[in-house]
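Shown below: protein_33.cif, with mmCIF, C-alpha atoms.
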```
data_target
loop_
_atom_site.label_atom_id
_atom_site.label_comp_id
_atom_site.auth_asym_id
_atom_site.auth_seq_id
_atom_site.Cartn_x
_atom_site.Cartn_y
_atom_site.Cartn_z
CA MET A 1 146.88 90.27 61.67
CA LYS A 2 148.44 89.24 64.93
CA THR A 3 146.84 86.45 66.95
CA ASP A 4 145.96 88.78 69.83
CA ASP A 5 144.30 91.21 67.44
CA LEU A 6 142.32 88.40 65.84
CA ILE A 7 141.09 87.17 69.21
CA GLU A 8 140.12 90.68 70.22
CA ALA A 9 138.24 91.21 66.96
CA LEU A 10 136.35 87.93 67.32
CA ALA A 11 135.42 88.77 70.91
CA LEU A 12 133.91 92.17 70.09
CA GLY A 13 130.21 92.30 70.77
CA LEU A 14 130.04 88.98 72.56
CA GLU A 15 127.67 88.78 75.50
CA PRO A 16 127.38 86.11 78.18
CA ALA A 17 125.05 83.32 77.13
CA ARG A 18 121.86 83.11 79.13
CA ALA A 19 121.75 79.93 81.22
CA ALA A 20 119.23 77.38 79.98
CA ARG A 21 116.34 76.60 82.32
CA PRO A 22 113.42 74.17 82.29
CA ALA A 23 110.70 75.61 80.06
CA PRO A 24 107.76 76.81 82.22
CA LEU A 25 105.20 76.40 79.43
CA TRP A 26 105.93 72.68 79.14
CA LEU A 27 105.71 72.34 82.93
CA ALA A 28 102.38 74.15 83.05
CA LEU A 29 101.09 71.96 80.25
CA ALA A 30 102.28 68.86 82.12
CA PHE A 31 100.20 69.79 85.15
CA LEU A 32 97.11 70.79 83.18
CA VAL A 33 97.12 67.63 81.05
CA THR A 34 97.71 65.43 84.08
CA ALA A 35 94.96 67.13 86.07
CA ALA A 36 92.57 66.72 83.15
CA ALA A 37 93.50 63.04 82.88
CA VAL A 38 92.95 62.49 86.61
CA LEU A 39 89.55 64.17 86.49
CA ALA A 40 88.54 62.30 83.33
CA THR A 41 89.63 58.83 84.44
CA LEU A 42 89.32 58.85 88.25
CA GLY A 43 86.86 61.69 88.66
CA PRO A 44 86.91 64.63 91.06
CA ARG A 45 86.40 64.00 94.76
CA GLY A 46 82.74 64.36 95.64
CA ASP A 47 83.29 67.33 97.93
CA LEU A 48 85.90 69.12 95.83
CA GLY A 49 84.21 72.52 95.95
CA GLU A 50 83.76 72.40 99.72
CA ALA A 51 87.24 70.94 100.27
CA MET A 52 88.84 73.83 98.42
CA THR A 53 87.51 76.21 101.07
CA GLY A 54 89.32 74.31 103.84
CA ALA A 55 92.91 74.23 105.00
CA ASN A 56 93.64 70.51 104.61
CA PHE A 57 93.18 70.55 100.83
CA TRP A 58 95.65 73.39 100.43
CA LEU A 59 98.14 71.99 102.92
CA LYS A 60 98.31 68.79 100.89
CA ALA A 61 98.62 70.75 97.65
CA THR A 62 101.32 72.93 99.20
CA TYR A 63 103.33 69.84 100.14
CA THR A 64 103.14 68.24 96.69
CA ALA A 65 103.83 71.57 94.99
CA ALA A 66 106.84 72.07 97.27
CA LEU A 67 108.13 68.64 96.22
CA SER A 68 107.80 69.71 92.58
CA ALA A 69 109.51 73.05 93.19
CA ALA A 70 112.45 71.54 95.09
CA ALA A 71 112.85 68.80 92.49
CA LEU A 72 112.73 71.39 89.73
CA TRP A 73 115.51 73.38 91.43
CA TRP A 74 117.48 70.15 91.73
CA LEU A 75 116.93 69.43 88.04
CA ASP A 76 118.00 72.94 87.08
CA ARG A 77 121.32 72.58 88.92
CA LEU A 78 121.95 69.08 87.62
CA GLY A 79 121.43 70.40 84.10
CA ARG A 80 124.39 72.77 84.39
CA PRO A 81 127.78 71.06 84.08
CA GLY A 82 129.94 71.82 87.08
CA ALA A 83 127.12 73.33 89.15
CA SER A 84 126.55 72.05 92.67
CA ALA A 85 123.20 70.33 93.23
CA ARG A 86 123.69 69.89 96.97
CA ARG A 87 121.45 72.72 98.18
CA PRO A 88 118.37 71.74 96.16
CA ALA A 89 118.85 68.09 97.13
CA LEU A 90 118.89 69.16 100.78
CA ALA A 91 115.83 71.32 100.20
CA LEU A 92 113.97 68.36 98.70
CA ALA A 93 114.95 66.19 101.67
CA ALA A 94 113.87 68.94 104.06
CA VAL A 95 110.41 69.15 102.49
CA VAL A 96 109.96 65.40 102.97
CA MET A 97 111.26 65.56 106.54
CA VAL A 98 108.83 68.34 107.48
CA ALA A 99 105.92 66.27 106.13
CA ALA A 100 107.20 63.18 107.97
CA ALA A 101 107.50 65.13 111.22
CA ALA A 102 103.96 66.45 110.84
CA GLY A 103 102.72 62.90 110.27
CA VAL A 104 104.52 61.57 113.34
CA VAL A 105 103.18 64.38 115.54
CA GLU A 106 99.66 63.73 114.26
CA LEU A 107 99.90 60.01 115.02
CA LEU A 108 101.30 60.60 118.50
CA ARG A 109 98.38 62.88 119.34
CA LEU A 110 95.82 60.24 118.40
CA PRO A 111 94.66 57.38 120.60
CA ALA A 112 96.58 54.21 119.76
CA GLU A 113 93.53 52.47 118.30
CA LEU A 114 93.03 55.24 115.71
CA ARG A 115 96.59 55.53 114.45
CA LEU A 116 96.47 52.77 111.86
CA ASP A 117 93.30 54.12 110.29
CA ASP A 118 94.84 57.58 110.18
CA LEU A 119 97.92 56.21 108.43
CA LEU A 120 96.21 53.89 105.96
CA GLY A 121 92.96 55.69 105.28
CA TRP A 122 90.84 53.71 102.86
CA SER A 123 92.92 54.08 99.69
CA TRP A 124 96.51 53.31 100.72
CA ARG A 125 96.69 50.34 98.33
CA GLU A 126 95.99 52.49 95.29
CA CYS A 127 97.25 55.97 96.19
CA SER A 128 100.94 55.58 95.36
CA LEU A 129 100.20 53.53 92.24
CA ASN A 130 97.75 56.15 90.98
CA ILE A 131 100.33 58.89 91.51
CA LEU A 132 102.95 56.85 89.66
CA GLY A 133 100.52 56.22 86.81
CA SER A 134 99.67 59.92 86.63
CA ALA A 135 103.39 60.75 86.62
CA LEU A 136 103.73 58.71 83.42
CA ILE A 137 101.34 61.22 81.83
CA SER A 138 103.23 64.29 83.00
CA ALA A 139 106.72 62.84 82.39
CA PRO A 140 107.00 63.37 78.59
CA MET A 141 106.21 67.06 78.93
CA VAL A 142 108.52 67.45 81.94
CA TRP A 143 111.34 65.84 79.96
CA LEU A 144 110.61 68.15 77.02
CA SER A 145 110.84 71.12 79.38
CA ALA A 146 114.43 70.14 80.16
CA ARG A 147 115.64 69.47 76.63
CA ARG A 148 117.95 72.52 76.64
CA LEU A 149 119.76 71.44 79.79
CA ALA A 150 123.08 69.60 79.72
CA PRO A 151 123.03 66.99 82.49
CA THR A 152 126.28 65.20 83.22
CA ARG A 153 124.88 62.89 85.91
CA PRO A 154 122.26 60.86 84.02
CA ALA A 155 120.79 58.83 86.88
CA LEU A 156 120.44 61.79 89.26
CA SER A 157 119.02 63.98 86.49
CA GLY A 158 116.53 61.26 85.62
CA ALA A 159 115.55 61.04 89.28
CA ALA A 160 115.00 64.80 89.38
CA LEU A 161 112.87 64.64 86.24
CA GLY A 162 110.88 61.80 87.78
CA ALA A 163 110.43 63.70 91.04
CA VAL A 164 109.14 66.77 89.19
CA SER A 165 106.73 64.55 87.23
CA GLY A 166 105.65 62.81 90.41
CA GLY A 167 105.14 66.05 92.33
CA LEU A 168 102.95 67.47 89.57
CA ALA A 169 101.04 64.19 89.38
CA ALA A 170 100.53 64.11 93.15
CA THR A 171 99.18 67.66 93.07
CA ALA A 172 96.78 66.73 90.30
CA TYR A 173 95.79 63.53 92.11
CA GLY A 174 94.72 65.63 95.09
CA LEU A 175 91.74 66.76 92.99
CA HIS A 176 90.46 63.17 93.18
CA CYS A 177 91.74 61.86 96.50
CA PRO A 178 89.91 63.00 99.67
CA GLU A 179 92.55 61.58 102.01
CA ALA A 180 94.24 64.49 103.76
CA THR A 181 95.67 63.33 107.09
CA ALA A 182 99.28 64.37 107.55
CA ALA A 183 100.42 60.79 108.12
CA PHE A 184 98.67 59.46 105.01
CA VAL A 185 100.05 62.19 102.77
CA ALA A 186 103.56 61.94 104.22
CA VAL A 187 103.72 58.20 103.52
CA TRP A 188 101.63 57.34 100.47
CA TYR A 189 101.92 60.55 98.46
CA THR A 190 105.65 60.66 99.12
CA LEU A 191 105.99 57.00 98.13
CA GLY A 192 104.27 57.71 94.81
CA VAL A 193 106.64 60.60 94.06
CA ALA A 194 109.63 58.50 95.15
CA ALA A 195 108.55 55.70 92.81
CA ALA A 196 108.38 58.19 89.93
CA ALA A 197 111.87 59.43 90.85
CA ALA A 198 113.22 55.86 90.95
CA LEU A 199 111.73 55.12 87.53
CA GLY A 200 113.14 58.38 86.20
CA ALA A 201 116.59 57.44 87.49
CA ALA A 202 116.43 54.08 85.71
CA VAL A 203 115.36 55.68 82.43
CA GLY A 204 117.76 58.61 82.78
CA ARG A 205 120.73 56.31 83.30
CA MET A 206 120.35 55.24 79.68
CA ALA A 207 118.41 58.05 77.98
CA LEU A 208 120.52 60.95 79.27
CA ARG A 209 123.93 59.49 78.57
CA TRP A 210 126.07 61.61 76.29
#
```

Take the structure in the file and give it back as structure tokens.
Amino acid sequence: MKTDDLIEALALGLEPARAARPAPLWLALAFLVTAAAVLATLGPRGDLGEAMTGANFWLKATYTAALSAAALWWLDRLGRPGASARRPALALAAVVMVAAAAGVVELLRLPAELRLDDLLGWSWRECSLNILGSALISAPMVWLSARRLAPTRPALSGAALGAVSGGLAATAYGLHCPEATAAFVAVWYTLGVAAAAALGAAVGRMALRW
């Protein structure tokens, strides 16, 4: 058999391989387990039922969910060798910038003597740390969701995994935390997610090396 005939015979019936993606079941489990852990250890906010009928609760949840979604898109692109991850990285930055702008506008509209309280709330010392701690719960399942991906940039991929974990953790933490001012969320929630991303980058640098 000629070489060309052999190649043609081997190629018969081949179909394009479906691109691997983060597994949604693992991601859903990561959120549910983290939310359960937050409720079990920290407890639900006292007015959770009432808060869920208002806009502020859902605006905060929308922001943290948007962080997760953008980070997940970033992770998906980083997990494909040769794919550009620029657009999802810009989308993630844009989500943060919108929240920061909302926080700045809110502070500027307040009297000067009220701005610090609006920014710090009463739980600023613990908010970011609690989100980081919750991200440690979601992280193993988030990493399992990405086990079929093929990242070639370990540190960036680890950062994306950490950001997804942190975004899910921040969303779950909102079930406990009553703080909902735009400035507070833009600073302390974002800092918690950023800390999870930084930790993910440090772990990914070693754990995701080929």

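When the PyMOL selection byres ((chain A and resi 195) around 10) is run on the displayed coordinates, the residues it returns are Ser128, Leu129, Ile131, Leu132, Ala135, Ala159, Gly162, Ala163, Gly166, Tyr189, Thr190, Leu191, Gly192, Val193, Ala194, Ala196, Ala197, Ala198, Leu199, Gly200 and Ala201 of chain A.
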
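Coordinates place atom CA of Pro154 of chain A at a distance of 28.0 Å from atom CA of Ala99 of chain A.
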
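Among A:Val104, A:Leu29, A:Leu92, A:Ala61, the residue with the shortest atom-to-atom distance to Val187 of chain A, counting only C-alpha atoms, is A:Val104.
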
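Across the chains present, the PyMOL selection byres ((chain A and resi 84-86) around 12) applied to this file returns Ala70, Ala71, Leu72, Trp73, Trp74, Leu75, Asp76, Arg77, Leu78, Gly79, Arg80, Pro81, Gly82, Ala83, Arg87, Pro88, Ala89, Leu90, Ala91, Leu92, Ala93, Pro151, Thr152, Arg153, Leu156, Ser157 and Ala160 of chain A.
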
Exercise for review: Give the answer as one residue: which of A:Ile137, A:Leu161, A:Val142, A:Val203 has the shortest atom-to-atom distance to Val33 of chain A, using only C-alpha atoms?
Suggested key: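 The closest residue to Val33 of chain A is A:Ile137.
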
Rounded to one decimal in Å, what is the spacing between atom CA of Leu175 of chain A and atom CA of Val38 of chain A?
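Between these atoms lies a distance of 7.8 Å.
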
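The residues returned by the PyMOL selection byres ((chain A and resi 21) around 9) on the shown structure are Ala19, Ala20, Pro22, Ala23, Pro24, Asp76, Gly79, Ser145, Ala146, Arg148 and Leu149 of chain A.
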
Practice task
Have a look at A:Ala169, A:Met97, A:Pro178, A:Met206 and name the one nearest to Glu50 of chain A; count only C-alpha atoms.
Solution key: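 Ranking A:Ala169, A:Met97, A:Pro178, A:Met206 by distance to Glu50 of chain A, first place goes to A:Pro178.
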
Non-local contacts of Thr34 of chain A (7 Å; all atoms listed in the file; under 2 positions in same chain excluded) as a PyMOL selection string:
chain A and resi 30-32+36-38+134+137-138+169+172

Check your understanding: What gap, in Å, lies between atom CA of Thr181 of chain A and atom CA of Gly43 of chain A?
Key ->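 Atom CA of Gly43 of chain A lies 20.5 Å from atom CA of Thr181 of chain A.
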
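Every protein, DNA or RNA residue with an atom at most 9 Å from Ala183 of chain A, where all atoms listed in the file count and chain neighbours fewer than 4 positions away do not, is listed here: Ala99, Ala100, Ala101, Ala102, Gly103, Val104, Val105, Glu106, Leu107, Asp118, Leu119, Leu120, Val187 and Trp188 of chain A.
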
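Of the listed residues (A:His176, A:Thr64, A:Leu114, A:Arg209), A:His176 comes nearest to Thr41 of chain A; the distances count only C-alpha atoms.
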
Taking all atoms of segment 69-83 of chain A that the file lists, what box with edges along x, y and z, padded by 3 Å per side, do you get, with centre and edge lengths in Å to one decimal, as AutoDock Vina command-line options?
```
--center_x 119.7 --center_y 71.1 --center_z 89.6 --size_x 26.4 --size_y 10.6 --size_z 17.0
```

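Of the listed residues A:Glu126, A:Ser68, A:Gly133, A:Leu116, the one whose atoms come nearest to Ala28 of chain A is A:Ser68, with distances taken using all atoms listed in the file.
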
In terms of all atoms listed in the file, the residue from A:Gly204, A:Tyr173, A:Phe184, A:Arg147 at minimal distance from Arg45 of chain A is A:Tyr173
